[in-house]
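Take a look at the structure below.
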Amino acid sequence: MKKRQNYEFTIEDVEFPSHGITYVNGRKVLIKNALKGQKVIGKVTKKNSERIVAKLVEVIEDVDYKIPPVCKPFTVGCGGCAHQDISYDMQLDSKEYQVMKLFREAGIEGFEYLGIEGSPDVFEYRNKMEFTFGDMEKGGELTLGMHVKNKSFAIVNVGDCQIVDEDFRKVQTTAINYFKDKELPKYRVMQHSGYLRNLVVRKGINTGEILVNIVTTTQLDFDMSDFVKEILAQEYKGTVTGIIHTFNDSLSDVVQADRIEVLHGREYLYEELLGLKFKVNPFSFFQTNTKGAEKLYSIVRDFIDETEDKVVFDLYCGTGTIGQIVAPKAKKVVGIELIEEAVKDARENAKLNGLQNTEFIAGDIAKVIHTVTDKPDIIILDPPRAGVHPFALKYVLKFNVPQIIYVSCNPKTLVTDLKELEAGGYKVEKVMLKDMFPHTPHCETVVKLSRK
C-alpha cells in the first residue's frame with residue numbers, strides 16, 4: 001500500500017477513540033469514525049511496519065443501524081459530532097466496549113465493574129461552544145461554525161446546532177447576521193491575515209448566566225458598539241451578564257488572549273455545582289457538560305472512603321472543582337496545577353465557598369510535588385489526555401497512600417498509568433465509565449485503587 005493512495009477496506013472492529021479497524025497482510029489499518037460492518041474507501045496517510053492509518057473518503061456499503069441525525073449541519077460534515085447518526089444506546093455500548101477492550105489488552109482485571117452511565121442530557125448539554133469565522137468554499141460568503149470533516153479550512157454554519165441550547169443558537173445567529181454585511185475579512189491561518197476569528201459562548205447551565213466573547217486580530221480597528229446592542233436586544237432563557245472582545249494575533253489556530261476588552265457587564269460568569277459556586281473566566285477549564293459534571297464528581301465522591309481527618313491531594317486540579325467538592329468532609333485539600341490562572345480561580349472559588357481547609361499550588365506537578373510538606377491520605381488524579389507525568393507518578397507511589405482515585409479523559413494513557421500503579425503495589429478496586437460527550441468518541445473513566 002502506498003501513501004496518498006485510495007483503497008477499499010471492510011471494517012472488522014472498532015477501538016478507542018472511535019477508529020474502525022481491519023487488517024491487511026497482518027498490519028492493522030485504522031480509519032477514524034468508520035463503523036464496524038462498513039465497506040469504505042480510505043486514503044492512506046501514514047504507514048509503518050505495524051500499522052496503517054487511513055482517512056475516511058467514502059462509505060460504499062453502509063450499516064443498517066444508522067438513524068437520521070437531529071442536526072442539519074451534521075449532514076454536511078460538521079466536525080462537532082462524530083456519530084449523531086447512531087442511537088445513544090449504541091453509542092454507550094460502543095464506548096463501553098472500546099474502553100473495556102483497552103483494560104483487557106492491558107491485563108487489568110479482578111475489579112468491580114459498575115458499567116457506563118450516560119449523560120443526563122443527550123442534546124443541548126454543552127456549556128461552552130467555540131465557533132470559528134470562515135467560509136464553506138474559498139471566497140464564499142461568511143460562515144460561523146465548526147470545521148468540516150476532511151476539509152482543511154472549510155467552516156460550516158451551525159445555527160441549527162443541537163448539542164447547545166437555544167441561547168447559544170440565538171447568539172450565533174445574531175453574530176453571523178450582524179457581521180455578514182460588514183465586509184470584514186475572516187482570518188486566514190496560512191496567510192496570517194484577516195480580522196474575524198472566533199465567537200466563544202459560555203453559559204452557566206444552573207445559573208443562566210451567559211458570557212459572549214468575540215475574538216479578532218488587531219489588524220483592523222472596528223467599533224463593536226452595535227454588535228453589543230444586537231446581542232443584548234435578543235430574548236434569552238438565560239441572561240447575558242458579559243460581552244468581551246478578545247484580541248488574538250497568535251499565528252496558531254487557537255483561541256487565546258493578547259488583550260481583553262470588556263464591552264458589557266463582566267468578563268466572567270458564575271456556575272453552581274453540587275451546592276458550590278464557581279467563578280468561570282473566559283479561558284478557565286471547566287467541564288463542558290455541567291449536568292454530567294455533577295454526576296461525574298458525585299461518582300468520585302462516592303468512590304472515596306471516609307475523608308474525616310484525612311488530607312486529600314488533588315493533582316492536576318485545574319480550577320479546583322473536585323477538591324472543593326470533597327473539601328467539606330476532609331481535614332485538608334491540597335491542589336496542584338500547572339496553569340497559574342487556573343490556580344488563581346481555584347483560590348478565589350474556595351473563598352467564594354467559604355472553604356478554609358484548601359491550599360492550591362501553581363507549578364509543574366513533576367517539580368512541585370516533592371516540595372509539599374503535607375502528607376496525603378488520599379490522592380485524586382485528574383490528568384490531561386497525556387496522563388500522569390512519569391516523575392509525578394513516582395512521587396505518587398512514594399506517598400504510599402491507602403487510596404487513589406483516578407479520573408481519566410483518555411483510557412489509553414489511563415491503562416498505561418494503571419499498570420505502573422499496579423506494579424507499585426496498588427490494586428484496581430472499582431471502575432465506572434461516565435459519558436460526558438454524547439455523539440463524540442470521548443468518555444470519562446473513574447477508577448478506585450487501594451494499596452495492597
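We name chains A, B, ... following the order of the C-alpha cells; residues begin at 1 in each chain, and ligands are numbered from 1 as shown.
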
Write out as CSV the residues of segment 359-432 of chain A that have any atom within 10 Å of an atom of segment 2-16 of chain A, one row each with the nearest atom pair and its distance in Å to one decimal, counting only C-alpha atoms, sorted by chain and then rising number.
```
residue,atom,partner,partner_atom,distance
A:Asn410,CA,A:Phe16,CA,9.0
A:Pro411,CA,A:Phe16,CA,8.0
A:Lys412,CA,A:Phe16,CA,7.8
```

Write the residues you've just listed into a file as a PDB file, in the first residue's frame, and include C-alpha atoms for each of them.
```
ATOM      1  CA  ASN A 410      -8.172   9.216  27.916  1.00  0.00           C
ATOM      2  CA  PRO A 411      -8.417   5.471  28.631  1.00  0.00           C
ATOM      3  CA  LYS A 412      -5.291   4.775  26.566  1.00  0.00           C
TER       4      LYS A 412
END
```

* **Exercise: Ser49 of chain A partners within 10 Å, only C-alpha atoms, chain neighbours under 3 positions left out, as a list in words** =>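 Result of the neighbour search: Gly26, Arg27, Lys28 and Ile52 of chain A.
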
* To do: Would you please work out which residue, of A:His83, A:Lys310, A:Lys47, A:Lys367, is nearest to Pro390 of chain A when using only C-alpha atoms?
  =>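 Distance minimum relative to Pro390 of chain A lands on A:Lys367.
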
* Would you please extract all helix (DSSP H, G or I) residues from segment 180-413 of chain A, as assigned by DSSP on the backbone, and give them as a VMD selection string? => chain A and resid 225 to 233 290 to 303 321 to 329 340 to 352 365 to 371 390 to 399 411 to 413

* With distances taken over only C-alpha atoms, which of A:Cys317, A:Val212, A:Cys443, A:Ile60 is nearest to Pro282 of chain A? ->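 Of all the options, A:Val212 lies closest to Pro282 of chain A.
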
* **Residue contacts of Lys344 of chain A (10 Å, only C-alpha atoms) excluding same-chain residues fewer than 5 positions away, as a PyMOL selection string** => chain A and resi 318-320+339+349-350+360-362

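Omitting Asn400 of chain A and its sequence neighbours fewer than 3 positions away, and counting only C-alpha atoms, the residues within 8 Å are A:Val396, A:Leu397, A:Arg451.
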
Only N, CA and C atoms, please: the residues just picked out, written as a short mmCIF file (atom, residue, chain, number, x, y, z; two decimals), in the first residue's frame.
```
data_model
loop_
_atom_site.label_atom_id
_atom_site.label_comp_id
_atom_site.auth_asym_id
_atom_site.auth_seq_id
_atom_site.Cartn_x
_atom_site.Cartn_y
_atom_site.Cartn_z
N VAL A 396 3.81 9.86 43.50
CA VAL A 396 2.53 9.32 43.95
C VAL A 396 2.75 7.99 44.65
N LEU A 397 3.58 7.15 44.05
CA LEU A 397 3.88 5.85 44.66
C LEU A 397 4.65 5.99 45.97
N ARG A 451 -4.13 0.35 48.15
CA ARG A 451 -2.82 -0.22 48.38
C ARG A 451 -2.96 -1.67 48.79
#
```

Show which residues sit within 6 Å of segment 54-57 of chain A, as an mmCIF file with N, CA and C atoms, in the first residue's frame. Count only C-alpha atoms, and ignore same-chain residues fewer than 6 positions away.
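around.cif was written with the following content:
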```
data_model
loop_
_atom_site.group_PDB
_atom_site.id
_atom_site.type_symbol
_atom_site.label_atom_id
_atom_site.label_comp_id
_atom_site.auth_asym_id
_atom_site.auth_seq_id
_atom_site.Cartn_x
_atom_site.Cartn_y
_atom_site.Cartn_z
ATOM 1 N N ILE A 31 -9.054 3.627 10.679
ATOM 2 C CA ILE A 31 -9.762 4.668 9.943
ATOM 3 C C ILE A 31 -10.719 5.363 10.910
ATOM 4 N N ILE A 41 -13.938 3.508 1.375
ATOM 5 C CA ILE A 41 -12.730 3.915 0.664
ATOM 6 C C ILE A 41 -11.933 4.783 1.619
ATOM 7 N N GLY A 42 -10.670 4.435 1.831
ATOM 8 C CA GLY A 42 -9.800 5.211 2.712
ATOM 9 C C GLY A 42 -8.522 5.609 2.013
ATOM 10 N N LYS A 43 -8.068 6.831 2.285
ATOM 11 C CA LYS A 43 -6.787 7.291 1.726
ATOM 12 C C LYS A 43 -5.694 7.088 2.768
ATOM 13 N N VAL A 44 -4.653 6.364 2.422
ATOM 14 C CA VAL A 44 -3.555 6.077 3.342
ATOM 15 C C VAL A 44 -2.776 7.360 3.626
ATOM 16 N N THR A 45 -2.661 7.712 4.919
ATOM 17 C CA THR A 45 -1.937 8.923 5.318
ATOM 18 C C THR A 45 -0.647 8.612 6.064
#
```

Contact residues around Lys138 of chain A with only C-alpha atoms at 9 Å, ignoring same-chain residues under 3 positions, as a PDB file with C-alpha atoms, in the first residue's frame:
```
ATOM      1  CA  GLY A 134     -14.706  31.329   7.781  1.00  0.00           C
ATOM      2  CA  ASP A 135     -16.420  30.067   4.642  1.00  0.00           C
ATOM      3  CA  GLU A 141     -19.958  34.075   1.981  1.00  0.00           C
ATOM      4  CA  PHE A 153     -10.247  25.088   6.121  1.00  0.00           C
ATOM      5  CA  ALA A 154     -13.977  24.839   5.369  1.00  0.00           C
TER       6      ALA A 154
END
```

* segment 203-386 of chain A: residues DSSP assigns to strand (DSSP E or B), reported as a count of residues only -> 56
